[in-house]
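Chemist: CSV, C-alpha atoms, file data_2.csv:
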```csv
chain,number,residue,atom,x,y,z
A,1,MET,CA,39.1,31.7,-43.5
A,2,GLU,CA,39.4,33.9,-40.3
A,3,GLN,CA,40.2,37.6,-40.8
A,4,LEU,CA,43.1,38.9,-38.8
A,5,THR,CA,43.5,42.4,-37.6
A,6,ALA,CA,46.7,44.4,-38.0
A,7,PRO,CA,47.7,44.0,-34.3
A,8,GLU,CA,47.1,40.2,-34.4
A,9,SER,CA,49.2,40.0,-37.6
A,10,GLU,CA,51.9,42.0,-35.8
A,11,VAL,CA,51.9,39.7,-32.8
A,12,ILE,CA,52.3,36.6,-35.0
A,13,LEU,CA,55.1,38.2,-37.1
A,14,GLN,CA,57.0,39.1,-33.9
A,15,ARG,CA,56.6,35.5,-32.6
A,16,LEU,CA,57.9,34.1,-35.9
A,17,GLU,CA,60.9,36.6,-35.9
A,18,ALA,CA,61.7,35.6,-32.3
A,19,LEU,CA,61.6,31.9,-33.3
A,20,VAL,CA,64.0,32.5,-36.2
A,21,THR,CA,66.4,34.4,-34.0
A,22,GLU,CA,66.3,31.5,-31.5
A,23,LEU,CA,67.0,29.0,-34.2
A,24,GLU,CA,70.0,31.0,-35.5
A,25,HIS,CA,71.5,31.0,-32.0
A,26,ASP,CA,70.5,27.5,-30.9
A,27,PRO,CA,69.0,25.2,-33.6
A,28,SER,CA,66.6,22.7,-32.2
A,29,VAL,CA,64.0,20.5,-33.7
A,30,TYR,CA,61.3,21.6,-31.4
A,31,THR,CA,61.8,25.3,-32.3
A,32,PHE,CA,61.9,24.4,-36.0
A,33,TYR,CA,58.6,22.5,-35.7
A,34,LEU,CA,57.1,25.4,-33.7
A,35,PHE,CA,58.0,27.9,-36.4
A,36,VAL,CA,56.4,25.7,-39.1
A,37,LEU,CA,53.2,25.2,-37.1
A,38,VAL,CA,52.8,28.9,-36.2
A,39,ALA,CA,53.5,29.9,-39.8
A,40,GLU,CA,50.9,27.3,-41.0
A,41,ALA,CA,48.3,28.8,-38.6
A,42,PHE,CA,49.2,32.3,-39.9
A,43,ALA,CA,48.9,31.1,-43.5
A,44,GLY,CA,45.5,29.7,-42.8
A,45,THR,CA,44.1,33.1,-41.9
A,46,LYS,CA,43.1,36.1,-44.0
A,47,PRO,CA,45.6,38.8,-43.1
A,48,PRO,CA,44.8,42.6,-43.4
A,49,LEU,CA,46.0,44.6,-46.3
A,50,ALA,CA,49.7,44.0,-46.5
A,51,THR,CA,52.2,46.9,-46.6
A,52,LEU,CA,55.6,46.9,-48.1
A,53,ALA,CA,57.0,46.8,-44.6
A,54,HIS,CA,54.9,43.7,-43.8
A,55,ILE,CA,56.0,41.9,-47.0
A,56,ARG,CA,59.7,42.9,-46.4
A,57,ARG,CA,59.5,41.2,-43.0
A,58,CYS,CA,58.0,38.0,-44.4
A,59,VAL,CA,60.6,37.9,-47.2
A,60,THR,CA,63.4,38.4,-44.7
A,61,LEU,CA,62.0,35.6,-42.6
A,62,ALA,CA,62.0,33.2,-45.5
A,63,HIS,CA,65.5,34.2,-46.5
A,64,ARG,CA,66.8,33.6,-42.9
A,65,MET,CA,65.0,30.3,-42.7
A,66,ARG,CA,66.7,29.0,-45.9
A,67,ALA,CA,70.0,28.8,-44.1
A,68,ILE,CA,68.4,27.2,-41.0
A,69,ARG,CA,66.5,24.7,-43.1
A,70,ALA,CA,69.8,23.5,-44.6
A,71,VAL,CA,71.0,22.6,-41.1
A,72,PHE,CA,68.0,20.3,-40.4
A,73,LEU,CA,67.4,19.1,-44.0
A,74,PRO,CA,70.8,19.1,-45.9
A,75,ALA,CA,69.4,16.8,-48.5
A,76,GLY,CA,65.8,18.0,-48.5
A,77,SER,CA,63.8,18.9,-51.5
A,78,PRO,CA,64.2,22.4,-52.9
A,79,TRP,CA,62.5,25.3,-51.1
A,80,ASN,CA,62.7,28.6,-53.0
A,81,PRO,CA,60.3,31.0,-51.4
A,82,LEU,CA,61.7,34.2,-52.9
A,83,THR,CA,61.7,32.8,-56.4
A,84,ALA,CA,58.0,32.0,-55.9
A,85,LEU,CA,57.3,35.6,-55.1
A,86,VAL,CA,59.3,36.8,-58.2
A,87,ASP,CA,57.3,34.3,-60.3
A,88,LEU,CA,54.1,35.7,-58.9
A,89,LEU,CA,55.1,39.2,-60.1
A,90,HIS,CA,55.9,37.8,-63.5
A,91,ALA,CA,52.5,36.1,-63.7
A,92,GLU,CA,50.8,39.4,-62.7
A,93,ALA,CA,52.7,41.4,-65.3
A,94,THR,CA,51.8,38.8,-68.0
A,95,ARG,CA,48.2,38.8,-67.0
A,96,LEU,CA,47.9,42.6,-67.1
A,97,THR,CA,49.7,42.8,-70.5
A,98,THR,CA,47.6,40.0,-72.0
A,99,LEU,CA,44.3,41.7,-71.0
A,100,TYR,CA,45.6,45.0,-72.2
A,101,GLY,CA,46.5,43.4,-75.6
A,102,VAL,CA,42.7,42.8,-76.2
A,103,VAL,CA,42.2,46.6,-75.9
A,104,ARG,CA,45.3,47.4,-77.9
A,105,PRO,CA,46.4,44.7,-80.3
A,106,ALA,CA,49.2,47.0,-81.3
A,107,CYS,CA,50.8,46.1,-78.0
A,108,ARG,CA,51.5,42.6,-79.3
A,109,THR,CA,53.3,44.0,-82.3
A,110,ARG,CA,55.4,46.2,-80.0
A,111,SER,CA,56.2,43.2,-77.9
A,112,ARG,CA,57.5,41.3,-81.0
A,113,GLU,CA,59.6,44.4,-82.0
A,114,PHE,CA,61.1,44.6,-78.5
A,115,ARG,CA,62.1,41.0,-78.6
A,116,ARG,CA,63.7,41.3,-82.0
A,117,ALA,CA,65.7,44.3,-80.8
A,118,PHE,CA,66.7,42.5,-77.6
A,119,HIS,CA,67.8,39.4,-79.6
A,120,ALA,CA,70.0,41.6,-81.8
A,121,ALA,CA,71.4,43.5,-78.8
A,122,PHE,CA,72.2,40.2,-77.0
A,123,THR,CA,74.0,38.8,-80.0
A,124,HIS,CA,76.0,42.0,-80.4
A,125,ALA,CA,77.0,42.1,-76.8
A,126,THR,CA,77.8,38.4,-76.3
A,127,GLY,CA,78.4,37.0,-79.7
A,128,LYS,CA,75.8,34.3,-79.1
A,129,VAL,CA,72.2,33.7,-80.3
A,130,TYR,CA,69.8,34.2,-77.4
A,131,GLN,CA,68.0,31.0,-76.2
A,132,THR,CA,65.2,31.4,-73.7
A,133,TYR,CA,65.8,27.9,-72.3
A,134,GLY,CA,69.2,26.4,-72.9
A,135,PRO,CA,72.7,26.4,-71.3
A,136,VAL,CA,73.2,28.2,-68.0
A,137,LYS,CA,73.8,31.9,-68.7
A,138,THR,CA,77.2,33.4,-67.8
A,139,ALA,CA,77.5,36.4,-65.6
A,140,LYS,CA,77.9,38.7,-68.6
A,141,GLU,CA,74.9,37.3,-70.3
A,142,ARG,CA,72.7,37.6,-67.2
A,143,THR,CA,73.8,41.2,-66.8
A,144,THR,CA,73.2,42.0,-70.4
A,145,ILE,CA,69.6,40.6,-70.3
A,146,THR,CA,68.7,42.4,-67.1
A,147,ALA,CA,70.2,45.7,-68.1
A,148,TRP,CA,68.6,45.7,-71.5
A,149,TRP,CA,65.1,45.2,-70.2
A,150,ASP,CA,65.6,47.6,-67.3
A,151,GLU,CA,66.7,50.3,-69.8
A,152,ALA,CA,63.9,49.4,-72.2
A,153,LEU,CA,61.2,49.7,-69.5
A,154,ARG,CA,62.8,52.9,-68.1
A,155,THR,CA,62.8,54.5,-71.5
A,156,ALA,CA,59.3,53.4,-72.4
A,157,LEU,CA,57.9,54.7,-69.1
A,158,ALA,CA,59.7,58.1,-69.5
A,159,GLN,CA,58.2,58.5,-73.0
A,160,PHE,CA,54.7,57.6,-71.7
A,161,GLN,CA,55.0,60.1,-68.9
A,162,ALA,CA,56.1,62.8,-71.3
A,163,ALA,CA,53.6,62.1,-74.1
A,164,GLY,CA,50.8,60.2,-72.5
A,165,THR,CA,49.7,58.6,-75.8
A,166,ALA,CA,48.3,55.1,-76.3
A,167,GLU,CA,51.3,54.2,-78.5
A,168,THR,CA,53.8,55.0,-75.7
A,169,LEU,CA,51.6,53.1,-73.2
A,170,ASP,CA,51.8,50.1,-75.6
A,171,ALA,CA,55.5,50.1,-75.3
A,172,VAL,CA,55.4,50.1,-71.5
A,173,LEU,CA,53.0,47.2,-71.3
A,174,ALA,CA,55.0,45.3,-74.0
A,175,CYS,CA,58.1,45.5,-71.9
A,176,LEU,CA,56.6,44.6,-68.6
A,177,PRO,CA,56.4,40.8,-68.7
A,178,ALA,CA,59.9,40.4,-70.1
A,179,TRP,CA,61.2,42.8,-67.6
A,180,ALA,CA,59.5,40.9,-64.7
A,181,ASP,CA,60.7,37.5,-66.0
A,182,ARG,CA,64.1,36.9,-64.3
A,183,HIS,CA,64.4,33.1,-64.9
A,184,HIS,CA,67.8,33.8,-66.5
A,185,GLU,CA,69.1,34.8,-63.1
A,186,ARG,CA,68.2,31.6,-61.3
A,187,TRP,CA,71.1,29.4,-62.4
A,188,GLY,CA,74.7,30.3,-62.3
A,189,PRO,CA,78.1,28.5,-62.5
A,190,ARG,CA,77.6,27.7,-58.8
A,191,GLY,CA,74.1,26.3,-59.2
A,192,TRP,CA,70.8,27.7,-58.1
A,193,ARG,CA,70.7,31.3,-57.1
A,194,GLU,CA,67.9,32.5,-54.9
A,195,PRO,CA,67.2,36.3,-55.1
A,196,ALA,CA,68.0,38.3,-52.0
A,197,PRO,CA,65.3,40.2,-50.1
A,198,PRO,CA,66.4,43.6,-51.3
A,199,GLU,CA,66.1,42.4,-54.9
A,200,VAL,CA,62.6,41.1,-54.4
A,201,MET,CA,61.5,44.3,-52.7
A,202,GLN,CA,63.1,46.5,-55.3
A,203,ARG,CA,61.3,44.6,-58.1
A,204,LEU,CA,58.0,44.9,-56.3
A,205,THR,CA,58.5,48.6,-55.7
A,206,ASP,CA,59.4,49.2,-59.3
A,207,TYR,CA,56.4,47.2,-60.5
A,208,LEU,CA,54.1,49.2,-58.3
A,209,ARG,CA,55.6,52.4,-59.6
A,210,VAL,CA,55.0,51.4,-63.2
A,211,CYS,CA,51.4,50.3,-62.5
A,212,GLU,CA,50.6,53.5,-60.6
A,213,ALA,CA,51.8,55.6,-63.6
A,214,CYS,CA,49.8,53.6,-66.2
A,215,LEU,CA,46.6,52.4,-64.5
A,216,GLY,CA,44.6,55.5,-65.1
A,217,SER,CA,45.2,55.4,-68.9
A,218,ILE,CA,44.6,51.7,-69.0
A,219,ALA,CA,41.3,52.1,-67.2
A,220,GLN,CA,40.2,54.8,-69.6
A,221,LEU,CA,41.1,52.7,-72.7
A,222,ALA,CA,39.4,49.6,-71.2
A,223,ARG,CA,36.2,51.4,-70.4
A,224,ALA,CA,36.0,52.9,-73.9
A,225,ALA,CA,36.6,49.5,-75.4
A,226,VAL,CA,33.9,47.9,-73.3
A,227,ALA,CA,31.4,50.6,-74.4
A,228,ASP,CA,32.3,49.9,-78.0
A,229,ALA,CA,32.0,46.1,-77.7
A,230,PRO,CA,28.3,45.3,-77.4
A,231,VAL,CA,27.0,41.9,-76.3
A,232,VAL,CA,27.2,39.6,-79.4
A,233,GLU,CA,24.4,37.2,-80.2
A,234,ARG,CA,24.3,34.5,-82.8
A,235,ALA,CA,21.7,36.3,-84.8
A,236,GLN,CA,24.1,39.2,-85.3
A,237,VAL,CA,26.9,37.0,-86.6
A,238,ALA,CA,25.1,34.4,-88.6
A,239,PRO,CA,23.9,36.4,-91.6
A,240,ALA,CA,27.3,37.5,-92.8
A,241,ILE,CA,28.8,34.0,-92.5
A,242,GLU,CA,25.8,32.3,-94.1
A,243,GLN,CA,26.1,34.7,-97.0
A,244,ALA,CA,29.8,33.8,-97.3
A,245,TYR,CA,29.1,30.1,-97.4
A,246,ALA,CA,26.1,30.4,-99.7
A,247,THR,CA,28.3,30.3,-102.8
A,248,GLN,CA,29.4,26.8,-101.8
A,249,LEU,CA,26.1,25.5,-100.4
A,250,HIS,CA,23.9,26.6,-103.4
A,251,PRO,CA,25.7,24.3,-106.0
A,252,LEU,CA,25.5,21.3,-103.7
A,253,ARG,CA,21.8,21.8,-103.1
A,254,ALA,CA,21.2,22.3,-106.8
A,255,GLN,CA,23.0,19.1,-107.6
A,256,LEU,CA,20.9,17.3,-105.0
A,257,SER,CA,17.7,18.7,-106.4
A,258,ALA,CA,18.8,17.8,-109.9
A,259,LEU,CA,19.2,14.1,-109.1
A,260,PRO,CA,16.4,12.0,-110.6
A,261,ARG,CA,13.9,10.2,-108.5
A,262,PRO,CA,14.3,6.4,-108.2
A,263,LYS,CA,11.1,5.7,-110.1
A,264,ASP,CA,12.4,7.7,-113.1
A,265,VAL,CA,15.5,5.6,-113.7
A,266,PRO,CA,16.0,1.9,-114.4
A,267,LYS,CA,16.3,-0.3,-111.4
A,268,ALA,CA,19.9,-1.2,-112.4
A,269,GLN,CA,20.9,2.5,-111.7
A,270,HIS,CA,19.4,2.7,-108.3
A,271,ALA,CA,22.6,1.7,-106.5
A,272,GLN,CA,24.6,4.4,-108.2
A,273,LEU,CA,21.9,6.9,-107.6
A,274,ARG,CA,21.9,6.2,-103.9
A,275,LYS,CA,25.6,6.5,-103.8
A,276,ASP,CA,25.7,9.9,-105.6
A,277,ARG,CA,22.9,11.2,-103.3
A,278,ALA,CA,24.7,10.0,-100.2
A,279,GLN,CA,28.0,11.6,-101.3
A,280,LEU,CA,26.3,15.0,-102.1
A,281,GLN,CA,24.4,14.9,-98.8
A,282,GLN,CA,27.6,14.1,-96.8
A,283,ALA,CA,29.4,17.0,-98.5
A,284,LEU,CA,26.4,19.3,-97.8
A,285,ASP,CA,26.3,18.3,-94.1
A,286,ALA,CA,30.0,18.7,-93.7
A,287,LEU,CA,29.8,22.2,-95.2
A,288,LEU,CA,26.9,23.1,-92.9
A,289,ARG,CA,28.8,21.9,-89.9
A,290,THR,CA,31.8,24.0,-90.9
A,291,GLN,CA,29.5,27.0,-91.3
A,292,GLU,CA,28.0,26.4,-87.8
A,293,ALA,CA,31.4,26.0,-86.3
A,294,GLU,CA,32.5,29.3,-87.8
A,295,ILE,CA,29.5,31.1,-86.4
A,296,THR,CA,30.1,29.5,-82.9
A,297,ARG,CA,33.8,30.4,-83.1
A,298,GLN,CA,33.1,34.1,-83.9
A,299,VAL,CA,30.4,34.4,-81.2
A,300,LYS,CA,32.8,32.8,-78.7
A,301,GLN,CA,35.7,34.9,-79.8
A,302,ARG,CA,33.8,38.2,-79.5
A,303,SER,CA,32.2,37.2,-76.2
A,304,THR,CA,35.6,36.2,-74.8
A,305,ALA,CA,37.1,39.5,-75.9
A,306,ARG,CA,34.3,41.4,-74.2
A,307,HIS,CA,34.8,39.3,-71.0
A,308,LYS,CA,38.5,40.1,-71.0
A,309,LEU,CA,37.8,43.8,-71.4
A,310,ALA,CA,35.4,43.7,-68.5
A,311,THR,CA,38.0,41.7,-66.5
A,312,LEU,CA,40.6,44.4,-67.2
A,313,VAL,CA,38.3,47.1,-66.0
A,314,LYS,CA,37.8,45.3,-62.8
A,315,LEU,CA,41.5,44.4,-62.5
A,316,VAL,CA,42.7,48.0,-62.6
A,317,GLN,CA,40.3,49.2,-60.0
A,318,GLY,CA,42.4,49.3,-56.8
A,319,TYR,CA,45.0,47.2,-58.5
A,320,PRO,CA,48.0,48.3,-56.3
A,321,GLU,CA,46.0,47.3,-53.1
A,322,THR,CA,45.0,44.0,-54.7
A,323,LEU,CA,48.5,43.3,-55.7
A,324,LEU,CA,49.9,44.1,-52.2
A,325,ARG,CA,47.2,41.8,-50.7
A,326,LYS,CA,48.1,39.0,-53.1
A,327,VAL,CA,51.9,39.3,-52.6
A,328,GLY,CA,51.4,39.7,-48.9
A,329,LYS,CA,49.4,36.5,-48.7
A,330,ALA,CA,51.9,34.7,-50.8
A,331,SER,CA,54.8,35.9,-48.7
A,332,VAL,CA,53.0,34.3,-45.7
A,333,ASP,CA,52.0,31.1,-47.5
A,334,VAL,CA,55.5,30.2,-48.5
A,335,LEU,CA,56.7,30.0,-44.9
A,336,PRO,CA,55.1,26.7,-43.8
A,337,ARG,CA,56.2,25.1,-47.1
A,338,ILE,CA,59.7,24.9,-45.7
A,339,ILE,CA,58.9,21.3,-45.0
A,340,TRP,CA,56.0,19.0,-45.7
A,341,ILE,CA,54.8,17.7,-42.3
A,342,TYR,CA,52.3,15.0,-42.2
A,343,ASP,CA,50.7,14.6,-38.7
A,344,PHE,CA,50.3,10.8,-38.9
A,345,GLU,CA,54.1,10.4,-39.6
A,346,ARG,CA,55.0,12.3,-36.4
A,347,GLN,CA,52.7,10.6,-33.8
A,348,GLY,CA,55.6,9.3,-31.8
A,349,ASP,CA,57.7,12.4,-32.0
A,350,ASP,CA,57.8,14.2,-28.6
A,351,ASP,CA,59.2,17.4,-30.1
A,352,TRP,CA,56.4,17.4,-32.7
A,353,ARG,CA,53.6,16.9,-30.1
A,354,THR,CA,55.0,19.6,-27.8
A,355,ALA,CA,55.4,22.1,-30.7
A,356,LYS,CA,51.9,21.4,-31.9
A,357,ARG,CA,50.5,21.9,-28.4
A,358,ASP,CA,52.4,25.2,-27.9
A,359,ALA,CA,51.5,26.5,-31.4
A,360,ARG,CA,47.8,25.9,-30.6
A,361,ARG,CA,48.1,27.6,-27.3
A,362,PHE,CA,49.8,30.6,-28.9
A,363,VAL,CA,47.0,30.9,-31.6
A,364,ARG,CA,44.4,30.5,-28.9
A,365,GLN,CA,46.0,33.3,-26.9
A,366,VAL,CA,45.9,35.6,-29.9
A,367,ARG,CA,42.2,34.9,-30.4
A,368,GLN,CA,41.4,35.4,-26.7
A,369,ALA,CA,43.2,38.7,-26.7
A,370,ARG,CA,41.0,39.9,-29.6
A,371,ALA,CA,37.8,38.7,-27.7
A,372,ALA,CA,39.0,40.5,-24.6
A,373,ALA,CA,39.6,43.7,-26.5
A,374,GLY,CA,36.2,43.4,-28.1
A,375,GLU,CA,34.5,43.1,-24.7
A,376,ALA,CA,36.4,46.0,-23.1
A,377,PRO,CA,34.3,49.2,-22.7
```
Could I get this structure in the form of structure tokens?
Modeler:
Amino acid sequence: MEQLTAPESEVILQRLEALVTELEHDPSVYTFYLFVLVAEAFAGTKPPLATLAHIRRCVTLAHRMRAIRAVFLPAGSPWNPLTALVDLLHAEATRLTTLYGVVRPACRTRSREFRRAFHAAFTHATGKVYQTYGPVKTAKERTTITAWWDEALRTALAQFQAAGTAETLDAVLACLPAWADRHHERWGPRGWREPAPPEVMQRLTDYLRVCEACLGSIAQLARAAVADAPVVERAQVAPAIEQAYATQLHPLRAQLSALPRPKDVPKAQHAQLRKDRAQLQQALDALLRTQEAEITRQVKQRSTARHKLATLVKLVQGYPETLLRKVGKASVDVLPRIIWIYDFERQGDDDWRTAKRDARRFVRQVRQARAAAGEAP
């Protein structure tokens, strides 16, 4: 994937904005194709570190193109670029909280407490039982959900900034995924509701503000947890489990040893003797398999926990920059998805061929400008 410089990214963004403006004043299939193809070339590169201004411009482009797309594809499949960015923020918040929950299991308890309090508040405000997935929420219900989680996160963050304890940090992380999840706002009485660019940017800004306030403490807790969680080997786990299962294994082995040998019993009892021995051996083997499975489970569980702790340590290092890069890349990637274009289906389309040629020429000019700048003294 080719790395773009900031000036090259700016040139491409300006070209996309000019195409959108042209489409708003004079919609044409050629310009529509050209926008998609230039955006596709942009998405196929590795842009520089995104800024909030860069993301805002891409979000605004996507918002403006939704109205233009409806002109060319009134019955087309859904294209919800801003919802995709909101879902990305929710996924990031969920990942951060899940990894933090390995360091502080109490965070999961706090999350359950928050949800119980939210359900009670929702019922008190609306007179209904809250359902995560169910009928379309009314305007009052949507407002109640959003306001409650906004206030919960605001209060938890203020308490953490005042006290700085692990318990108050648990509350912030417990609120974060539910606060970032705005699926209740997607559907209204008039159908699907796509968030506006200011809403997306405000949510991203608030999420970054929360992360910047908490990341230092999260990193300290994660590093301490990694130091206290040594690498677990089978030999460290097996003795305790084998001792726990010994009380069940010993009687079975004693019964097997107590069975008489075939030569010591009449031939008529050999069949019953084989049957008894087989039953005891099967029970012993099953218990040994259960013991081995428990050893493997505990080794895997502790190794997975240590891996998650190490992942959290890496995640919080430069997390705001990583998040901006990820959201910036996603804000570019959603643009060419405005329509699924297959080249072989457009072979006889003159507008398509012309737009493809012009898009390639534009990308080539951007690369040549870089090469010329690199050769200049």
Chemist: Suppose you want the space between CA of Thr109 (chain A) and CA of Thr132 (chain A); what is it in Å?
Modeler: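 One can read the CA of Thr109 (chain A) to CA of Thr132 (chain A) distance as 19.3 Å.
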Chemist: Between A:Leu204, A:Ala158, A:Ala225, A:Ala93, single out the one closest to Ala174 (chain A), counting all atoms listed in the file.
Modeler: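 Distance minimum relative to Ala174 (chain A) lands on A:Ala93.
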Chemist: Any idea what the distance is between CA of Ala330 (chain A) and CA of Leu85 (chain A)?
Modeler: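 Result for CA of Ala330 (chain A) versus CA of Leu85 (chain A): 7.0 Å, one decimal.
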Chemist: Please list as a PyMOL selection string every residue within 12 Å of Leu256 (chain A), counting only C-alpha atoms and excluding residues in the same chain fewer than 6 positions away.
Modeler: chain A and resi 249-250+273-284
Chemist: Determine the nearest neighbour of Arg223 (chain A) from the options A:Phe42, A:Tyr100, A:Trp79, A:Phe160, counting only C-alpha atoms.
Modeler: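 That would be A:Tyr100, the residue with the smallest distance to Arg223 (chain A).
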Chemist: Quick one: pull the distance between CA of Phe118 (chain A) and CA of His183 (chain A), Å, one decimal.
Modeler: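 Computing it gives 16.0 Å between the two atoms.
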